[in-house]
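Dropping entry-v9.txt in here (compact mmCIF, C-alpha atoms):
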```txt
# COMPACT_ATOMS: atom_id res chain seq x y z
CA MET A 1 35.24 -8.95 -8.29
CA ALA A 2 31.58 -8.48 -7.42
CA THR A 3 30.78 -6.86 -4.11
CA GLN A 4 27.77 -7.88 -2.10
CA SER A 5 25.15 -5.26 -1.28
CA PRO A 6 24.81 -4.36 2.40
CA PHE A 7 21.08 -4.94 1.95
CA SER A 8 21.62 -8.57 1.00
CA LEU A 9 24.04 -9.06 3.91
CA PHE A 10 21.44 -7.64 6.29
CA GLU A 11 18.73 -9.77 4.69
CA ASN A 12 20.84 -12.92 5.12
CA LEU A 13 21.40 -12.06 8.79
CA ILE A 14 17.66 -11.61 9.37
CA GLU A 15 16.93 -14.84 7.47
CA ARG A 16 19.26 -16.84 9.73
CA ALA A 17 17.95 -15.19 12.90
CA SER A 18 14.30 -15.76 11.98
CA ALA A 19 15.00 -19.44 11.29
CA THR A 20 16.27 -19.96 14.82
CA LEU A 21 14.45 -17.32 16.87
CA GLN A 22 10.70 -17.66 17.23
CA PRO A 23 8.53 -15.50 19.48
CA PRO A 24 6.78 -17.22 22.37
CA PRO A 25 3.23 -18.39 21.62
CA TRP A 26 1.67 -15.78 23.91
CA VAL A 27 3.34 -12.98 21.91
CA VAL A 28 2.04 -14.41 18.64
CA ASP A 29 -1.43 -14.72 20.21
CA GLU A 30 -1.45 -11.10 21.41
CA VAL A 31 -0.13 -9.73 18.12
CA GLN A 32 -2.82 -11.62 16.22
CA ASN A 33 -5.50 -10.25 18.58
CA ARG A 34 -4.25 -6.70 17.94
CA ILE A 35 -4.24 -7.30 14.18
CA VAL A 36 -7.89 -8.40 14.36
CA LEU A 37 -8.77 -5.27 16.34
CA LEU A 38 -7.02 -3.06 13.77
CA LEU A 39 -8.65 -4.82 10.83
CA ASN A 40 -12.09 -4.47 12.42
CA HIS A 41 -11.47 -0.78 13.15
CA VAL A 42 -10.65 -0.21 9.48
CA LEU A 43 -13.57 -2.35 8.25
CA GLN A 44 -16.07 -0.45 10.42
CA GLN A 45 -15.23 2.73 8.52
CA GLU A 46 -16.45 1.16 5.25
CA PRO A 47 -20.11 0.01 5.28
CA GLU A 48 -19.76 -1.82 1.94
CA ALA A 49 -16.91 -3.89 3.36
CA THR A 50 -18.91 -4.99 6.40
CA ALA A 51 -21.89 -5.82 4.18
CA ARG A 52 -19.70 -7.99 1.95
CA LEU A 53 -18.14 -9.75 4.93
CA ALA A 54 -21.53 -10.34 6.56
CA ARG A 55 -22.54 -12.36 3.47
CA GLN A 56 -19.47 -14.57 4.11
CA LYS A 57 -20.26 -15.23 7.80
CA GLY A 58 -18.68 -18.36 9.18
CA ARG A 59 -16.20 -18.64 6.29
CA VAL A 60 -12.56 -19.08 7.29
CA VAL A 61 -9.56 -17.53 5.54
CA LEU A 62 -6.10 -18.84 6.41
CA MET A 63 -3.25 -16.45 5.63
CA GLN A 64 0.33 -17.76 5.58
CA TRP A 65 3.80 -16.32 5.11
CA ARG A 66 6.85 -18.40 5.86
CA SER A 67 6.27 -19.86 9.36
CA PHE A 68 3.59 -17.31 10.27
CA HIS A 69 -0.08 -18.09 9.83
CA MET A 70 -3.37 -16.59 10.91
CA ALA A 71 -6.90 -17.91 10.44
CA LEU A 72 -9.76 -15.41 10.40
CA VAL A 73 -13.49 -16.06 10.31
CA ALA A 74 -16.15 -13.62 9.08
CA THR A 75 -18.74 -12.76 11.74
CA PRO A 76 -22.46 -12.11 11.17
CA ALA A 77 -21.74 -8.42 11.91
CA GLY A 78 -19.41 -8.23 8.90
CA LEU A 79 -16.26 -8.09 10.97
CA LEU A 80 -13.43 -10.55 11.57
CA ASP A 81 -12.54 -12.83 14.45
CA ARG A 82 -9.80 -15.35 14.94
CA ALA A 83 -10.89 -18.81 13.86
CA THR A 84 -10.93 -21.41 16.58
CA PRO A 85 -8.33 -24.17 16.28
CA GLY A 86 -9.63 -27.03 14.17
CA MET A 87 -11.84 -24.89 11.92
CA ARG A 88 -11.30 -25.86 8.30
CA ALA A 89 -10.14 -23.05 6.03
CA ASP A 90 -12.43 -22.25 3.10
CA LEU A 91 -9.65 -20.20 1.52
CA THR A 92 -5.88 -20.37 1.97
CA LEU A 93 -3.75 -17.41 0.91
CA THR A 94 0.00 -18.04 0.95
CA ILE A 95 2.38 -15.18 0.26
CA THR A 96 5.00 -16.65 -2.05
CA GLU A 97 7.68 -13.98 -1.55
CA THR A 98 9.91 -15.09 1.31
CA SER A 99 12.09 -11.99 1.60
CA PRO A 100 10.82 -9.38 4.08
CA PHE A 101 12.78 -6.71 2.19
CA ALA A 102 11.15 -7.61 -1.13
CA LEU A 103 7.74 -7.47 0.57
CA ALA A 104 8.52 -4.05 2.02
CA GLN A 105 9.68 -2.86 -1.38
CA GLN A 106 6.44 -4.07 -2.98
CA ALA A 107 4.39 -2.37 -0.26
CA LEU A 108 6.25 0.91 -0.71
CA SER A 109 5.72 0.79 -4.46
CA ALA A 110 1.99 0.09 -3.88
CA GLY A 111 2.38 -3.36 -5.39
CA LYS A 112 0.85 -6.61 -4.25
CA PRO A 113 3.01 -9.59 -3.34
CA GLY A 114 2.63 -12.88 -5.15
CA VAL A 115 -0.05 -15.00 -3.49
CA ARG A 116 -0.94 -18.65 -4.01
CA ILE A 117 -4.71 -19.04 -3.67
CA GLU A 118 -6.36 -22.32 -2.75
CA GLY A 119 -10.04 -22.79 -2.03
CA ASP A 120 -13.31 -20.95 -2.59
CA VAL A 121 -13.18 -18.61 -5.59
CA GLN A 122 -16.08 -16.39 -4.47
CA LEU A 123 -14.49 -15.84 -1.06
CA ALA A 124 -11.19 -15.06 -2.79
CA ALA A 125 -12.97 -12.44 -4.92
CA GLU A 126 -14.44 -10.82 -1.79
CA VAL A 127 -11.04 -10.75 -0.07
CA ASN A 128 -9.53 -9.22 -3.22
CA TRP A 129 -12.24 -6.53 -3.23
CA LEU A 130 -11.44 -5.72 0.40
CA VAL A 131 -7.72 -5.46 -0.35
CA ASP A 132 -8.37 -3.20 -3.33
CA HIS A 133 -11.00 -0.89 -1.80
CA VAL A 134 -10.57 -0.63 1.96
CA ARG A 135 -7.95 1.80 3.23
CA TRP A 136 -7.06 2.97 6.70
CA ASP A 137 -7.43 6.74 7.05
CA LEU A 138 -4.70 7.07 9.65
CA GLU A 139 -4.73 10.85 9.41
CA GLU A 140 -8.44 10.93 10.34
CA ASP A 141 -7.86 8.68 13.36
CA LEU A 142 -4.87 10.76 14.44
CA SER A 143 -6.92 13.97 14.16
CA ARG A 144 -9.29 12.65 16.84
CA VAL A 145 -6.35 12.49 19.25
CA VAL A 146 -4.16 15.49 18.37
CA GLY A 147 -6.42 17.71 16.26
CA ASP A 148 -6.77 18.33 12.53
CA THR A 149 -3.80 20.63 12.00
CA THR A 150 -1.27 18.43 13.79
CA ALA A 151 -2.63 15.29 12.12
CA HIS A 152 -2.38 16.91 8.69
CA THR A 153 1.21 18.01 9.40
CA VAL A 154 2.16 14.51 10.56
CA GLY A 155 0.45 13.08 7.45
CA ASN A 156 2.49 15.36 5.18
CA VAL A 157 5.74 14.36 6.92
CA VAL A 158 4.91 10.65 6.60
CA ARG A 159 3.97 11.03 2.91
CA SER A 160 7.23 12.89 2.24
CA ALA A 161 9.29 10.28 4.08
CA THR A 162 7.53 7.47 2.22
CA SER A 163 8.19 9.16 -1.11
CA THR A 164 11.88 9.59 -0.27
CA LEU A 165 12.11 5.97 0.86
CA ARG A 166 10.47 4.81 -2.40
CA GLN A 167 13.03 6.77 -4.39
CA PHE A 168 15.89 5.35 -2.33
CA ILE A 169 14.70 1.76 -2.71
CA GLY A 170 14.21 2.28 -6.43
CA LYS A 171 17.85 3.41 -6.79
CA ARG A 172 19.52 0.70 -4.73
CA PRO A 173 21.51 -2.03 -6.52
CA GLY A 174 19.36 -5.04 -7.38
CA ALA A 175 16.07 -3.13 -7.12
CA ASP A 176 15.25 -3.95 -10.73
CA LYS A 177 15.70 -7.68 -10.08
CA ALA A 178 13.35 -7.61 -7.08
CA SER A 179 10.56 -5.97 -9.07
CA ALA A 180 10.93 -8.25 -12.10
```
Structure rendered as structure tokens:
Amino acid sequence: MATQSPFSLFENLIERASATLQPPPWVVDEVQNRIVLLLNHVLQQEPEATARLARQKGRVVLMQWRSFHMALVATPAGLLDRATPGMRADLTLTITETSPFALAQQALSAGKPGVRIEGDVQLAAEVNWLVDHVRWDLEEDLSRVVGDTTAHTVGNVVRSATSTLRQFIGKRPGADKASA
């Protein structure tokens, strides 16, 4: 008799809850605004990224996962803004993996999720470059608030916890199926 993993039971529970519970529109709006602010903060730390985005000014990228979607437009300054409703997407990126746990596992193993790409190939290449080359230096930002030593210590703790979590996820039943 096969036993079901507690991870799959938890995943099924979240799947059913997310199908019936949706956040109010104002929450979605505020979260998307904060995501744009974070993305722009990270982009501003990489001059090559802003130069590449400036060349794509006015182009719209629609990102989708399950029932969530977000449309971003490149600004003349090489940053991002939310696209206004009705703007046509030049590029649509749809994450094909529906399981949040599988996505988390891919992120922890430094993998990329499966993405269906529709639209402008050149814009897709620029987005891919950004994904591959732009990284948030969280430790540097934290050092501005709490100092270098504390930020470095926190960074070491987070790296250690992430490594342990990666090992744990790699050993759980069914982990090989999720990565195949």
note - CA of Gln105 (chain A) and CA of Gln167 (chain A) are separated by 10.6 Å
Determine, for each residue of region 54-89 of chain A having at least one atom at most 12 Å from an atom of region 94-102 of chain A, the closest pair of atoms and their separation in Å to one decimal, counting only C-alpha atoms; order by chain and ascending number, as a Markdown table.
```
| residue | atom | partner | partner_atom | distance |
| --- | --- | --- | --- | --- |
| A:Val61 | CA | A:Thr94 | CA | 10.6 |
| A:Leu62 | CA | A:Thr94 | CA | 8.2 |
| A:Met63 | CA | A:Thr94 | CA | 5.9 |
| A:Gln64 | CA | A:Thr94 | CA | 4.7 |
| A:Trp65 | CA | A:Ile95 | CA | 5.2 |
| A:Arg66 | CA | A:Thr98 | CA | 6.4 |
| A:Ser67 | CA | A:Thr98 | CA | 10.0 |
| A:Phe68 | CA | A:Thr94 | CA | 10.0 |
| A:His69 | CA | A:Thr94 | CA | 8.9 |
| A:Met70 | CA | A:Thr94 | CA | 10.6 |
| A:Ala71 | CA | A:Thr94 | CA | 11.7 |
```
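Atom pair CA of Arg59 (chain A) / CA of Gln32 (chain A) has a distance of 18.1 Å (rounded to one decimal).
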Exercise for the section: Would you kindly return, as number ranges by chain, each protein, DNA or RNA residue with an atom no farther than 8 Å from any atom of region 111-120 of chain A, considering only C-alpha atoms and excluding same-chain residues fewer than 3 positions away? Expected result: A: 90-97, 103, 106-108, 123-124
Among A:Val60, A:Leu138, A:Leu13, A:Met87, Asn156 (chain A) is approached most closely, using all atoms listed in the file, by A:Leu138
Judged by all atoms listed in the file, the minimum distance to Val31 (chain A) among A:Arg82, A:Lys57, A:Arg144, A:Ala89 is found for A:Arg82
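Separating CA of Ala125 (chain A) from CA of Leu38 (chain A) is a distance of 21.7 Å.
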